[in-house]
file coords.cif (mmCIF, C-alpha atoms, pLDDT in the B column; chains and numbers go by the auth columns)
data_input
loop_
_atom_site.group_PDB
_atom_site.id
_atom_site.type_symbol
_atom_site.label_atom_id
_atom_site.label_comp_id
_atom_site.label_asym_id
_atom_site.label_seq_id
_atom_site.Cartn_x
_atom_site.Cartn_y
_atom_site.Cartn_z
_atom_site.B_iso_or_equiv
_atom_site.auth_seq_id
_atom_site.auth_asym_id
ATOM 1 C CA MET A 1 -2.366 20.403 -2.903 58.00 6 T
ATOM 2 C CA ASP A 2 -2.071 18.807 0.487 80.00 7 T
ATOM 3 C CA GLU A 3 1.175 19.409 2.408 94.00 8 T
ATOM 4 C CA ALA A 4 1.711 15.709 3.084 97.00 9 T
ATOM 5 C CA HIS A 5 1.320 15.042 -0.644 97.00 10 T
ATOM 6 C CA GLU A 6 3.990 17.655 -1.451 98.00 11 T
ATOM 7 C CA VAL A 7 6.426 16.350 1.156 98.00 12 T
ATOM 8 C CA VAL A 8 6.130 12.791 -0.135 98.00 13 T
ATOM 9 C CA ALA A 9 6.560 13.957 -3.752 98.00 14 T
ATOM 10 C CA ALA A 10 9.760 15.740 -2.673 98.00 15 T
ATOM 11 C CA TYR A 11 10.904 12.634 -0.767 98.00 16 T
ATOM 12 C CA TRP A 12 10.671 10.405 -3.842 98.00 17 T
ATOM 13 C CA ALA A 13 12.233 13.052 -6.106 98.00 18 T
ATOM 14 C CA ALA A 14 15.195 13.327 -3.733 98.00 19 T
ATOM 15 C CA ALA A 15 15.550 9.535 -3.525 98.00 20 T
ATOM 16 C CA GLU A 16 15.502 9.175 -7.312 97.00 21 T
ATOM 17 C CA ALA A 17 18.114 11.951 -7.585 97.00 22 T
ATOM 18 C CA ARG A 18 20.241 10.377 -4.795 97.00 23 T
ATOM 19 C CA ASP A 19 20.158 13.869 -3.301 97.00 24 T
ATOM 20 C CA TRP A 20 20.633 12.688 0.270 97.00 25 T
ATOM 21 C CA GLY A 21 21.000 16.203 1.638 98.00 26 T
ATOM 22 C CA ARG A 22 17.585 17.201 0.341 98.00 27 T
ATOM 23 C CA PHE A 23 16.204 13.823 1.398 98.00 28 T
ATOM 24 C CA ALA A 24 17.509 14.334 4.969 98.00 29 T
ATOM 25 C CA GLY A 25 15.869 17.766 5.115 98.00 30 T
ATOM 26 C CA LEU A 26 12.418 16.173 4.769 98.00 31 T
ATOM 27 C CA LEU A 27 12.902 13.842 7.742 98.00 32 T
ATOM 28 C CA ALA A 28 12.254 14.422 11.421 98.00 33 T
ATOM 29 C CA GLU A 29 15.378 13.873 13.503 98.00 34 T
ATOM 30 C CA ASP A 30 13.658 10.964 15.286 98.00 35 T
ATOM 31 C CA VAL A 31 12.093 9.448 12.150 98.00 36 T
ATOM 32 C CA VAL A 32 11.233 5.750 12.450 98.00 37 T
ATOM 33 C CA TYR A 33 11.164 3.474 9.417 98.00 38 T
ATOM 34 C CA GLU A 34 9.602 0.005 9.509 98.00 39 T
ATOM 35 C CA GLY A 35 9.415 -2.757 6.924 98.00 40 T
ATOM 36 C CA PRO A 36 6.816 -5.196 8.315 98.00 41 T
ATOM 37 C CA GLN A 37 7.615 -7.969 5.817 98.00 42 T
ATOM 38 C CA THR A 38 11.198 -8.397 7.056 97.00 43 T
ATOM 39 C CA ARG A 39 10.497 -6.870 10.478 98.00 44 T
ATOM 40 C CA GLU A 40 13.289 -4.372 9.990 98.00 45 T
ATOM 41 C CA ARG A 41 13.379 -0.988 11.679 98.00 46 T
ATOM 42 C CA VAL A 42 15.623 2.074 11.384 98.00 47 T
ATOM 43 C CA ARG A 43 15.562 4.890 13.949 98.00 48 T
ATOM 44 C CA GLY A 44 16.765 8.424 13.420 98.00 49 T
ATOM 45 C CA ARG A 45 17.477 10.686 10.455 98.00 50 T
ATOM 46 C CA GLU A 46 21.168 9.894 10.165 98.00 51 T
ATOM 47 C CA ALA A 47 20.680 6.112 10.250 98.00 52 T
ATOM 48 C CA TYR A 48 17.780 6.337 7.826 98.00 53 T
ATOM 49 C CA VAL A 49 19.718 8.385 5.269 98.00 54 T
ATOM 50 C CA ARG A 50 22.558 5.875 5.491 97.00 55 T
ATOM 51 C CA PHE A 51 20.092 2.996 5.112 97.00 56 T
ATOM 52 C CA ASN A 52 18.842 4.517 1.853 97.00 57 T
ATOM 53 C CA ALA A 53 22.219 5.621 0.525 95.00 58 T
ATOM 54 C CA GLU A 54 24.023 2.341 1.293 94.00 59 T
ATOM 55 C CA GLY A 55 21.393 -0.363 1.719 92.00 60 T
ATOM 56 C CA PHE A 56 20.176 -0.586 -1.856 90.00 61 T
ATOM 57 C CA PRO A 57 23.084 -1.095 -4.230 84.00 62 T
ATOM 58 C CA GLY A 58 22.295 -1.212 -7.924 85.00 63 T
ATOM 59 C CA ASN A 59 21.184 1.214 -10.548 90.00 64 T
ATOM 60 C CA TRP A 60 17.536 1.384 -9.444 95.00 65 T
ATOM 61 C CA HIS A 61 15.089 4.013 -10.605 97.00 66 T
ATOM 62 C CA LEU A 62 11.657 4.832 -9.337 97.00 67 T
ATOM 63 C CA THR A 63 8.577 6.412 -10.820 97.00 68 T
ATOM 64 C CA VAL A 64 5.707 7.660 -8.708 98.00 69 T
ATOM 65 C CA HIS A 65 2.417 6.051 -9.663 98.00 70 T
ATOM 66 C CA ARG A 66 0.224 7.657 -6.997 98.00 71 T
ATOM 67 C CA ILE A 67 0.563 9.881 -3.928 98.00 72 T
ATOM 68 C CA ILE A 68 -2.393 10.580 -1.651 98.00 73 T
ATOM 69 C CA GLY A 69 -2.127 13.028 1.241 97.00 74 T
ATOM 70 C CA GLN A 70 -4.627 13.915 3.928 97.00 75 T
ATOM 71 C CA GLY A 71 -3.698 15.976 6.977 96.00 76 T
ATOM 72 C CA GLN A 72 -0.508 14.566 8.473 97.00 77 T
ATOM 73 C CA HIS A 73 -0.815 11.261 6.618 98.00 78 T
ATOM 74 C CA ALA A 74 0.132 10.178 3.133 98.00 79 T
ATOM 75 C CA ALA A 75 0.418 7.002 1.079 98.00 80 T
ATOM 76 C CA SER A 76 2.428 6.395 -2.054 98.00 81 T
ATOM 77 C CA TRP A 77 2.518 3.737 -4.725 98.00 82 T
ATOM 78 C CA ILE A 78 5.743 3.761 -6.685 98.00 83 T
ATOM 79 C CA GLU A 79 7.175 1.516 -9.360 97.00 84 T
ATOM 80 C CA MET A 80 10.784 0.549 -8.760 96.00 85 T
ATOM 81 C CA SER A 81 12.885 -0.655 -11.642 95.00 86 T
ATOM 82 C CA ASP A 82 16.314 -2.191 -11.816 89.00 87 T
ATOM 83 C CA VAL A 83 18.059 -4.126 -14.588 82.00 88 T
ATOM 84 C CA GLY A 84 15.301 -6.160 -16.245 83.00 89 T
ATOM 85 C CA ASP A 85 12.982 -6.038 -13.272 90.00 90 T
ATOM 86 C CA HIS A 86 10.280 -3.738 -11.980 93.00 91 T
ATOM 87 C CA TYR A 87 7.949 -4.010 -9.028 95.00 92 T
ATOM 88 C CA PRO A 88 5.591 -1.894 -6.932 97.00 93 T
ATOM 89 C CA GLY A 89 6.483 -0.305 -3.610 98.00 94 T
ATOM 90 C CA LEU A 90 3.810 0.935 -1.211 98.00 95 T
ATOM 91 C CA CYS A 91 4.557 3.329 1.571 98.00 96 T
ATOM 92 C CA PHE A 92 2.607 4.988 4.381 98.00 97 T
ATOM 93 C CA PHE A 93 3.884 8.215 5.940 98.00 98 T
ATOM 94 C CA GLU A 94 3.139 10.268 9.033 98.00 99 T
ATOM 95 C CA LEU A 95 4.285 13.877 9.323 98.00 100 T
ATOM 96 C CA ASP A 96 5.023 15.648 12.584 98.00 101 T
ATOM 97 C CA GLY A 97 3.713 19.115 13.505 96.00 102 T
ATOM 98 C CA ASP A 98 6.600 20.747 11.587 96.00 103 T
ATOM 99 C CA GLY A 99 5.704 18.954 8.361 97.00 104 T
ATOM 100 C CA GLN A 100 8.668 16.593 8.585 98.00 105 T
ATOM 101 C CA ILE A 101 8.371 12.875 7.999 98.00 106 T
ATOM 102 C CA ALA A 102 8.247 11.144 11.378 98.00 107 T
ATOM 103 C CA ARG A 103 7.153 7.639 10.446 98.00 108 T
ATOM 104 C CA ILE A 104 7.468 5.507 7.320 98.00 109 T
ATOM 105 C CA THR A 105 6.045 2.021 6.797 98.00 110 T
ATOM 106 C CA ASP A 106 7.139 0.320 3.643 97.00 111 T
ATOM 107 C CA PHE A 107 5.712 -2.673 1.766 98.00 112 T
ATOM 108 C CA TRP A 108 7.047 -4.563 -1.251 97.00 113 T
ATOM 109 C CA PRO A 109 4.415 -7.050 -2.443 97.00 114 T
ATOM 110 C CA GLU A 110 5.694 -9.913 -4.607 96.00 115 T
ATOM 111 C CA PRO A 111 4.004 -12.007 -7.292 96.00 116 T
ATOM 112 C CA SER A 112 1.887 -14.828 -5.865 96.00 117 T
ATOM 113 C CA GLU A 113 -0.292 -17.763 -6.938 95.00 118 T
ATOM 114 C CA LEU A 114 -4.006 -17.302 -7.489 96.00 119 T
ATOM 115 C CA PRO A 115 -5.896 -19.424 -4.910 92.00 120 T
ATOM 116 C CA ALA A 116 -8.151 -22.074 -6.486 92.00 121 T
ATOM 117 C CA SER A 117 -11.064 -20.779 -4.373 89.00 122 T
ATOM 118 C CA ARG A 118 -11.507 -17.764 -6.627 93.00 123 T
ATOM 119 C CA GLU A 119 -10.228 -18.967 -10.007 94.00 124 T
ATOM 120 C CA HIS A 120 -13.778 -19.046 -11.402 96.00 125 T
ATOM 121 C CA LEU A 121 -14.477 -15.486 -10.251 97.00 126 T
ATOM 122 C CA VAL A 122 -11.681 -13.596 -12.033 97.00 127 T
ATOM 123 C CA GLU A 123 -9.951 -13.066 -15.360 97.00 128 T
ATOM 124 C CA ARG A 124 -6.142 -12.991 -15.644 97.00 129 T
ATOM 125 C CA TYR A 125 -4.001 -10.308 -17.212 97.00 130 T
ATOM 126 C CA MET B 1 -13.413 14.551 6.258 58.00 6 U
ATOM 127 C CA ASP B 2 -12.640 13.849 2.633 80.00 7 U
ATOM 128 C CA GLU B 3 -15.385 12.133 0.605 94.00 8 U
ATOM 129 C CA ALA B 4 -13.024 9.441 -0.685 97.00 9 U
ATOM 130 C CA HIS B 5 -12.012 8.708 2.907 97.00 10 U
ATOM 131 C CA GLU B 6 -15.669 8.295 3.926 98.00 11 U
ATOM 132 C CA VAL B 7 -16.499 6.053 0.975 98.00 12 U
ATOM 133 C CA VAL B 8 -13.568 3.751 1.712 98.00 13 U
ATOM 134 C CA ALA B 9 -14.461 3.615 5.424 98.00 14 U
ATOM 135 C CA ALA B 10 -18.004 2.568 4.414 98.00 15 U
ATOM 136 C CA TYR B 11 -16.576 0.004 1.964 98.00 16 U
ATOM 137 C CA TRP B 12 -14.563 -1.758 4.656 98.00 17 U
ATOM 138 C CA ALA B 13 -17.393 -1.560 7.214 98.00 18 U
ATOM 139 C CA ALA B 14 -19.749 -3.205 4.707 98.00 19 U
ATOM 140 C CA ALA B 15 -17.181 -5.910 3.876 98.00 20 U
ATOM 141 C CA GLU B 16 -16.600 -6.694 7.550 97.00 21 U
ATOM 142 C CA ALA B 17 -20.397 -6.888 8.075 97.00 22 U
ATOM 143 C CA ARG B 18 -20.837 -9.050 4.917 97.00 23 U
ATOM 144 C CA ASP B 19 -23.491 -6.477 4.006 97.00 24 U
ATOM 145 C CA TRP B 20 -23.185 -7.048 0.265 97.00 25 U
ATOM 146 C CA GLY B 21 -26.137 -4.794 -0.542 98.00 26 U
ATOM 147 C CA ARG B 22 -24.507 -1.816 1.150 98.00 27 U
ATOM 148 C CA PHE B 23 -21.153 -2.825 -0.344 98.00 28 U
ATOM 149 C CA ALA B 24 -22.648 -2.895 -3.875 98.00 29 U
ATOM 150 C CA GLY B 25 -24.120 0.583 -3.376 98.00 30 U
ATOM 151 C CA LEU B 26 -20.612 2.043 -3.030 98.00 31 U
ATOM 152 C CA LEU B 27 -19.417 0.642 -6.360 98.00 32 U
ATOM 153 C CA ALA B 28 -19.686 2.080 -9.861 98.00 33 U
ATOM 154 C CA GLU B 29 -21.505 -0.275 -12.215 98.00 34 U
ATOM 155 C CA ASP B 30 -18.328 -0.610 -14.298 98.00 35 U
ATOM 156 C CA VAL B 31 -15.938 -0.931 -11.351 98.00 36 U
ATOM 157 C CA VAL B 32 -12.627 -2.645 -12.154 98.00 37 U
ATOM 158 C CA TYR B 33 -10.673 -4.562 -9.520 98.00 38 U
ATOM 159 C CA GLU B 34 -7.072 -5.646 -10.054 98.00 39 U
ATOM 160 C CA GLY B 35 -4.710 -7.710 -7.944 98.00 40 U
ATOM 161 C CA PRO B 36 -1.266 -7.136 -9.493 98.00 41 U
ATOM 162 C CA GLN B 37 0.442 -9.915 -7.529 98.00 42 U
ATOM 163 C CA THR B 38 -1.700 -12.671 -9.062 97.00 43 U
ATOM 164 C CA ARG B 39 -2.599 -10.614 -12.136 98.00 44 U
ATOM 165 C CA GLU B 40 -6.283 -11.142 -11.463 98.00 45 U
ATOM 166 C CA ARG B 41 -8.993 -8.736 -12.609 98.00 46 U
ATOM 167 C CA VAL B 42 -12.744 -8.466 -11.987 98.00 47 U
ATOM 168 C CA ARG B 43 -14.985 -6.195 -14.063 98.00 48 U
ATOM 169 C CA GLY B 44 -18.387 -4.862 -13.081 98.00 49 U
ATOM 170 C CA ARG B 45 -20.330 -4.391 -9.864 98.00 50 U
ATOM 171 C CA GLU B 46 -22.165 -7.700 -9.944 98.00 51 U
ATOM 172 C CA ALA B 47 -19.043 -9.776 -10.604 98.00 52 U
ATOM 173 C CA TYR B 48 -17.100 -7.857 -7.970 98.00 53 U
ATOM 174 C CA VAL B 49 -19.720 -8.379 -5.263 98.00 54 U
ATOM 175 C CA ARG B 50 -19.763 -12.097 -6.080 97.00 55 U
ATOM 176 C CA PHE B 51 -15.952 -12.184 -5.988 97.00 56 U
ATOM 177 C CA ASN B 52 -16.024 -10.782 -2.449 97.00 57 U
ATOM 178 C CA ALA B 53 -18.987 -12.782 -1.204 95.00 58 U
ATOM 179 C CA GLU B 54 -17.814 -16.140 -2.604 94.00 59 U
ATOM 180 C CA GLY B 55 -14.076 -15.863 -3.281 92.00 60 U
ATOM 181 C CA PHE B 56 -12.848 -15.672 0.302 90.00 61 U
ATOM 182 C CA PRO B 57 -14.235 -18.524 2.368 84.00 62 U
ATOM 183 C CA GLY B 58 -13.368 -18.595 6.047 85.00 63 U
ATOM 184 C CA ASN B 59 -14.242 -16.596 9.085 90.00 64 U
ATOM 185 C CA TRP B 60 -12.030 -13.608 8.283 95.00 65 U
ATOM 186 C CA HIS B 61 -12.274 -10.256 10.017 97.00 66 U
ATOM 187 C CA LEU B 62 -10.693 -6.990 9.142 97.00 67 U
ATOM 188 C CA THR B 63 -9.707 -3.904 11.062 97.00 68 U
ATOM 189 C CA VAL B 64 -8.866 -0.622 9.385 98.00 69 U
ATOM 190 C CA HIS B 65 -5.432 0.622 10.304 98.00 70 U
ATOM 191 C CA ARG B 66 -5.350 3.723 8.068 98.00 71 U
ATOM 192 C CA ILE B 67 -7.429 5.402 5.392 98.00 72 U
ATOM 193 C CA ILE B 68 -6.145 8.404 3.468 98.00 73 U
ATOM 194 C CA GLY B 69 -8.353 10.252 0.983 97.00 74 U
ATOM 195 C CA GLN B 70 -7.533 13.125 -1.341 97.00 75 U
ATOM 196 C CA GLY B 71 -9.892 14.247 -4.085 96.00 76 U
ATOM 197 C CA GLN B 72 -11.087 11.193 -6.019 97.00 77 U
ATOM 198 C CA HIS B 73 -8.296 8.976 -4.688 98.00 78 U
ATOM 199 C CA ALA B 74 -7.859 7.013 -1.504 98.00 79 U
ATOM 200 C CA ALA B 75 -5.554 4.420 0.004 98.00 80 U
ATOM 201 C CA SER B 76 -6.221 2.028 2.856 98.00 81 U
ATOM 202 C CA TRP B 77 -4.113 -0.189 5.063 98.00 82 U
ATOM 203 C CA ILE B 78 -6.142 -2.866 6.770 98.00 83 U
ATOM 204 C CA GLU B 79 -5.249 -5.826 8.959 97.00 84 U
ATOM 205 C CA MET B 80 -6.982 -9.033 7.942 96.00 85 U
ATOM 206 C CA SER B 81 -7.272 -11.833 10.457 95.00 86 U
ATOM 207 C CA ASP B 82 -8.394 -15.414 10.153 89.00 87 U
ATOM 208 C CA VAL B 83 -7.917 -18.398 12.460 82.00 88 U
ATOM 209 C CA GLY B 84 -4.458 -17.931 13.968 83.00 89 U
ATOM 210 C CA ASP B 85 -3.227 -15.659 11.205 90.00 90 U
ATOM 211 C CA HIS B 86 -3.220 -11.937 10.484 93.00 91 U
ATOM 212 C CA TYR B 87 -1.666 -9.941 7.700 95.00 92 U
ATOM 213 C CA PRO B 88 -1.821 -6.481 6.129 97.00 93 U
ATOM 214 C CA GLY B 89 -3.825 -5.587 3.038 98.00 94 U
ATOM 215 C CA LEU B 90 -3.150 -2.418 1.074 98.00 95 U
ATOM 216 C CA CYS B 91 -5.614 -0.975 -1.355 98.00 96 U
ATOM 217 C CA PHE B 92 -5.751 1.999 -3.709 98.00 97 U
ATOM 218 C CA PHE B 93 -9.112 3.394 -4.838 98.00 98 U
ATOM 219 C CA GLU B 94 -10.351 5.777 -7.506 98.00 99 U
ATOM 220 C CA LEU B 95 -13.820 7.317 -7.312 98.00 100 U
ATOM 221 C CA ASP B 96 -15.862 8.435 -10.293 98.00 101 U
ATOM 222 C CA GLY B 97 -17.645 11.802 -10.553 96.00 102 U
ATOM 223 C CA ASP B 98 -20.633 10.419 -8.609 96.00 103 U
ATOM 224 C CA GLY B 99 -18.457 9.409 -5.654 97.00 104 U
ATOM 225 C CA GLN B 100 -18.704 5.703 -6.451 98.00 105 U
ATOM 226 C CA ILE B 101 -15.692 3.418 -6.445 98.00 106 U
ATOM 227 C CA ALA B 102 -14.566 2.921 -10.043 98.00 107 U
ATOM 228 C CA ARG B 103 -11.171 1.294 -9.598 98.00 108 U
ATOM 229 C CA ILE B 104 -9.573 -0.819 -6.889 98.00 109 U
ATOM 230 C CA THR B 105 -6.009 -2.100 -6.812 98.00 110 U
ATOM 231 C CA ASP B 106 -5.246 -4.525 -4.051 97.00 111 U
ATOM 232 C CA PHE B 107 -1.928 -5.707 -2.574 98.00 112 U
ATOM 233 C CA TRP B 108 -1.192 -8.400 0.008 97.00 113 U
ATOM 234 C CA PRO B 109 2.479 -8.252 0.991 97.00 114 U
ATOM 235 C CA GLU B 110 3.896 -11.398 2.586 96.00 115 U
ATOM 236 C CA PRO B 111 6.770 -11.929 5.009 96.00 116 U
ATOM 237 C CA SER B 112 10.174 -11.966 3.308 96.00 117 U
ATOM 238 C CA GLU B 113 13.876 -12.416 4.068 95.00 118 U
ATOM 239 C CA LEU B 114 16.041 -9.438 4.941 96.00 119 U
ATOM 240 C CA PRO B 115 18.705 -9.014 2.201 92.00 120 U
ATOM 241 C CA ALA B 116 22.276 -9.305 3.471 92.00 121 U
ATOM 242 C CA SER B 117 23.109 -5.965 1.817 89.00 122 U
ATOM 243 C CA ARG B 118 21.326 -4.034 4.547 93.00 123 U
ATOM 244 C CA GLU B 119 21.601 -6.308 7.595 95.00 124 U
ATOM 245 C CA HIS B 120 24.135 -3.952 9.210 96.00 125 U
ATOM 246 C CA LEU B 121 21.852 -0.924 8.697 97.00 126 U
ATOM 247 C CA VAL B 122 18.711 -2.047 10.544 97.00 127 U
ATOM 248 C CA GLU B 123 17.408 -3.521 13.777 97.00 128 U
ATOM 249 C CA ARG B 124 14.844 -6.352 13.788 97.00 129 U
ATOM 250 C CA TYR B 125 11.532 -6.452 15.605 97.00 130 U
#
call {"tool": "encode", "arguments": {"input": "coords.cif", "output": "structure tokens"}}
result
Amino acid sequence: MDEAHEVVAAYWAAAEARDWGRFAGLLAEDVVYEGPQTRERVRGREAYVRFNAEGFPGNWHLTVHRIIGQGQHAASWIEMSDVGDHYPGLCFFELDGDGQIARITDFWPEPSELPASREHLVERY
Amino acid sequence: MDEAHEVVAAYWAAAEARDWGRFAGLLAEDVVYEGPQTRERVRGREAYVRFNAEGFPGNWHLTVHRIIGQGQHAASWIEMSDVGDHYPGLCFFELDGDGQIARITDFWPEPSELPASREHLVERY
């Protein structure tokens, strides 16, 4: 098993458990988080733990659908669920030389309309 | 270099080159493509090549930002650009035992509003 894969599996397990101490232990002190859709950024372990612990109220739960690790990089595809709703979350990670998470880029794709240009080329599910 | 990584790099190079013959050669005959946001699905190599060749008119170009491969799985993060616009595309791949792409799941996250619940926890960029 790749190290990056293991670190990301531990990251999501700690998040699901709200075990912010364990979560913090996986992060580099100068970790940088970015969400390109909202253009939000969080810098530093302490701020990033607080962002996770306080920024997402609600009784959410996550299940890991896929983690892929190669060298110091990993990607994950999780399913997030909250009351009556569930949606995918996609995340790219970079580890530093100590195996700690140094960079996180997070995407939350939303349902969208099928363009007419390819309606005849697909089925729907 | 991981095989899945190489196959996905070749996949995107062939797409960018509109080299649909080379593109087809990377796909399993029973490849399944899904776009969860629109709930669209394409089954089979021939239909999937046609979907790519005909479903996306315009003078688009793509650059690969990241590919991560592990075993028979890979993820990619590309940047797609068209006249005056560019946006990320995220893709998860599964290879079959012959190293051909058997399953593709494709996400296109769009810009979104920052929720008020975490405005005080982030910077903007």
call {"tool": "residues_around", "arguments": {"input": "coords.cif", "residues": "Cys96 (chain U)", "least_positions_apart": "6", "cutoff": "7 Å", "atoms": "all atoms listed in the file", "output": "number ranges by chain"}}
result
U: 80-82, 109-112
call {"tool": "residues_around", "arguments": {"input": "coords.cif", "residues": "Gly63 (chain U)", "least_positions_apart": "2", "cutoff": "10 Å", "atoms": "all atoms listed in the file", "output": "MDAnalysis selection string"}}
result
chainID U and resid 60:61 65:66 87:88
call {"tool": "write_last_selection", "arguments": {"input": "coords.cif", "atoms": "C-alpha atoms", "output": "PDB file, in the coordinates of the input"}}
result
ATOM      1  CA  GLY U  60     -14.076 -15.863  -3.281  1.00 92.00           C
ATOM      2  CA  PHE U  61     -12.848 -15.672   0.302  1.00 90.00           C
ATOM      3  CA  TRP U  65     -12.030 -13.608   8.283  1.00 95.00           C
ATOM      4  CA  HIS U  66     -12.274 -10.256  10.017  1.00 97.00           C
ATOM      5  CA  ASP U  87      -8.394 -15.414  10.153  1.00 89.00           C
ATOM      6  CA  VAL U  88      -7.917 -18.398  12.460  1.00 82.00           C
TER       7      VAL U  88
END
call {"tool": "atom_distance", "arguments": {"input": "coords.cif", "atom1": "CA of Phe98 (chain T)", "atom2": "CA of Glu21 (chain U)"}}
result
25.4 Å
call {"tool": "closest_atom_pairs", "arguments": {"input": "coords.cif", "of": "chain T", "to": "chain U", "cutoff": "8 Å", "atoms": "only C-alpha atoms", "output": "Markdown table"}}
result
| residue | atom | partner | partner_atom | distance |
| --- | --- | --- | --- | --- |
| T:Pro41 | CA | U:Pro116 | CA | 7.5 |
| T:Gln42 | CA | U:Pro116 | CA | 4.1 |
| T:Thr43 | CA | U:Ser117 | CA | 5.3 |
| T:Arg44 | CA | U:Tyr130 | CA | 5.2 |
| T:Glu45 | CA | U:Arg129 | CA | 4.6 |
| T:Arg46 | CA | U:Glu128 | CA | 5.2 |
| T:Val47 | CA | U:Val127 | CA | 5.2 |
| T:Ala52 | CA | U:Leu126 | CA | 7.3 |
| T:Arg55 | CA | U:Leu126 | CA | 7.6 |
| T:Phe56 | CA | U:Leu126 | CA | 5.6 |
| T:Glu59 | CA | U:Arg123 | CA | 7.6 |
| T:Gly60 | CA | U:Arg123 | CA | 4.6 |
| T:Phe61 | CA | U:Ser122 | CA | 7.1 |
| T:Pro62 | CA | U:Ser122 | CA | 7.8 |
| T:Ile73 | CA | U:Gln75 | CA | 5.7 |
| T:Gly74 | CA | U:Gln75 | CA | 6.0 |
| T:Gln75 | CA | U:Ile73 | CA | 5.7 |
| T:His78 | CA | U:Ile73 | CA | 6.8 |
| T:Ala79 | CA | U:Ile73 | CA | 6.5 |
| T:Ala80 | CA | U:Ala80 | CA | 6.6 |
| T:Phe112 | CA | U:Pro114 | CA | 6.5 |
| T:Trp113 | CA | U:Pro114 | CA | 6.3 |
| T:Pro114 | CA | U:Pro114 | CA | 4.1 |
| T:Glu115 | CA | U:Gln42 | CA | 6.0 |
| T:Pro116 | CA | U:Gln42 | CA | 4.1 |
| T:Ser117 | CA | U:Thr43 | CA | 5.3 |
| T:Glu118 | CA | U:Thr43 | CA | 5.7 |
| T:Leu119 | CA | U:Thr43 | CA | 5.4 |
| T:Ser122 | CA | U:Gly60 | CA | 5.9 |
| T:Arg123 | CA | U:Gly60 | CA | 4.6 |
| T:Leu126 | CA | U:Phe56 | CA | 5.6 |
| T:Val127 | CA | U:Val47 | CA | 5.2 |
| T:Glu128 | CA | U:Arg46 | CA | 5.2 |
| T:Arg129 | CA | U:Glu45 | CA | 4.6 |
| T:Tyr130 | CA | U:Arg44 | CA | 5.3 |
call {"tool": "write_last_selection", "arguments": {"input": "coords.cif", "atoms": "C-alpha atoms", "output": "PDB file, in the frame of the given file"}}
result
ATOM      1  CA  PRO T  41       6.816  -5.196   8.315  1.00 98.00           C
ATOM      2  CA  GLN T  42       7.615  -7.969   5.817  1.00 98.00           C
ATOM      3  CA  THR T  43      11.198  -8.397   7.056  1.00 97.00           C
ATOM      4  CA  ARG T  44      10.497  -6.870  10.478  1.00 98.00           C
ATOM      5  CA  GLU T  45      13.289  -4.372   9.990  1.00 98.00           C
ATOM      6  CA  ARG T  46      13.379  -0.988  11.679  1.00 98.00           C
ATOM      7  CA  VAL T  47      15.623   2.074  11.384  1.00 98.00           C
ATOM      8  CA  ALA T  52      20.680   6.112  10.250  1.00 98.00           C
ATOM      9  CA  ARG T  55      22.558   5.875   5.491  1.00 97.00           C
ATOM     10  CA  PHE T  56      20.092   2.996   5.112  1.00 97.00           C
ATOM     11  CA  GLU T  59      24.023   2.341   1.293  1.00 94.00           C
ATOM     12  CA  GLY T  60      21.393  -0.363   1.719  1.00 92.00           C
ATOM     13  CA  PHE T  61      20.176  -0.586  -1.856  1.00 90.00           C
ATOM     14  CA  PRO T  62      23.084  -1.095  -4.230  1.00 84.00           C
ATOM     15  CA  ILE T  73      -2.393  10.580  -1.651  1.00 98.00           C
ATOM     16  CA  GLY T  74      -2.127  13.028   1.241  1.00 97.00           C
ATOM     17  CA  GLN T  75      -4.627  13.915   3.928  1.00 97.00           C
ATOM     18  CA  HIS T  78      -0.815  11.261   6.618  1.00 98.00           C
ATOM     19  CA  ALA T  79       0.132  10.178   3.133  1.00 98.00           C
ATOM     20  CA  ALA T  80       0.418   7.002   1.079  1.00 98.00           C
ATOM     21  CA  PHE T 112       5.712  -2.673   1.766  1.00 98.00           C
ATOM     22  CA  TRP T 113       7.047  -4.563  -1.251  1.00 97.00           C
ATOM     23  CA  PRO T 114       4.415  -7.050  -2.443  1.00 97.00           C
ATOM     24  CA  GLU T 115       5.694  -9.913  -4.607  1.00 96.00           C
ATOM     25  CA  PRO T 116       4.004 -12.007  -7.292  1.00 96.00           C
ATOM     26  CA  SER T 117       1.887 -14.828  -5.865  1.00 96.00           C
ATOM     27  CA  GLU T 118      -0.292 -17.763  -6.938  1.00 95.00           C
ATOM     28  CA  LEU T 119      -4.006 -17.302  -7.489  1.00 96.00           C
ATOM     29  CA  SER T 122     -11.064 -20.779  -4.373  1.00 89.00           C
ATOM     30  CA  ARG T 123     -11.507 -17.764  -6.627  1.00 93.00           C
ATOM     31  CA  LEU T 126     -14.477 -15.486 -10.251  1.00 97.00           C
ATOM     32  CA  VAL T 127     -11.681 -13.596 -12.033  1.00 97.00           C
ATOM     33  CA  GLU T 128      -9.951 -13.066 -15.360  1.00 97.00           C
ATOM     34  CA  ARG T 129      -6.142 -12.991 -15.644  1.00 97.00           C
ATOM     35  CA  TYR T 130      -4.001 -10.308 -17.212  1.00 97.00           C
TER      36      TYR T 130
END
call {"tool": "atom_distance", "arguments": {"input": "coords.cif", "atom1": "CA of Leu32 (chain T)", "atom2": "CA of Glu11 (chain T)"}}
result
13.4 Å
call {"tool": "atom_distance", "arguments": {"input": "coords.cif", "atom1": "CA of Asn64 (chain T)", "atom2": "CA of Val12 (chain T)"}}
result
24.2 Å
call {"tool": "resolve_selection", "arguments": {"input": "coords.cif", "expression": "the PyMOL selection byres ((chain U and resi 101) around 10)", "output": "compact mmCIF listing (two decimals) with C-alpha atoms, keeping the file's coordinate frame"}}
result
# COMPACT_ATOMS: atom_id res chain seq x y z
CA LEU U 32 -19.42 0.64 -6.36
CA ALA U 33 -19.69 2.08 -9.86
CA VAL U 36 -15.94 -0.93 -11.35
CA GLN U 77 -11.09 11.19 -6.02
CA HIS U 78 -8.30 8.98 -4.69
CA GLU U 99 -10.35 5.78 -7.51
CA LEU U 100 -13.82 7.32 -7.31
CA GLY U 102 -17.64 11.80 -10.55
CA ASP U 103 -20.63 10.42 -8.61
CA GLY U 104 -18.46 9.41 -5.65
CA GLN U 105 -18.70 5.70 -6.45
CA ILE U 106 -15.69 3.42 -6.44
CA ALA U 107 -14.57 2.92 -10.04
CA ARG U 108 -11.17 1.29 -9.60
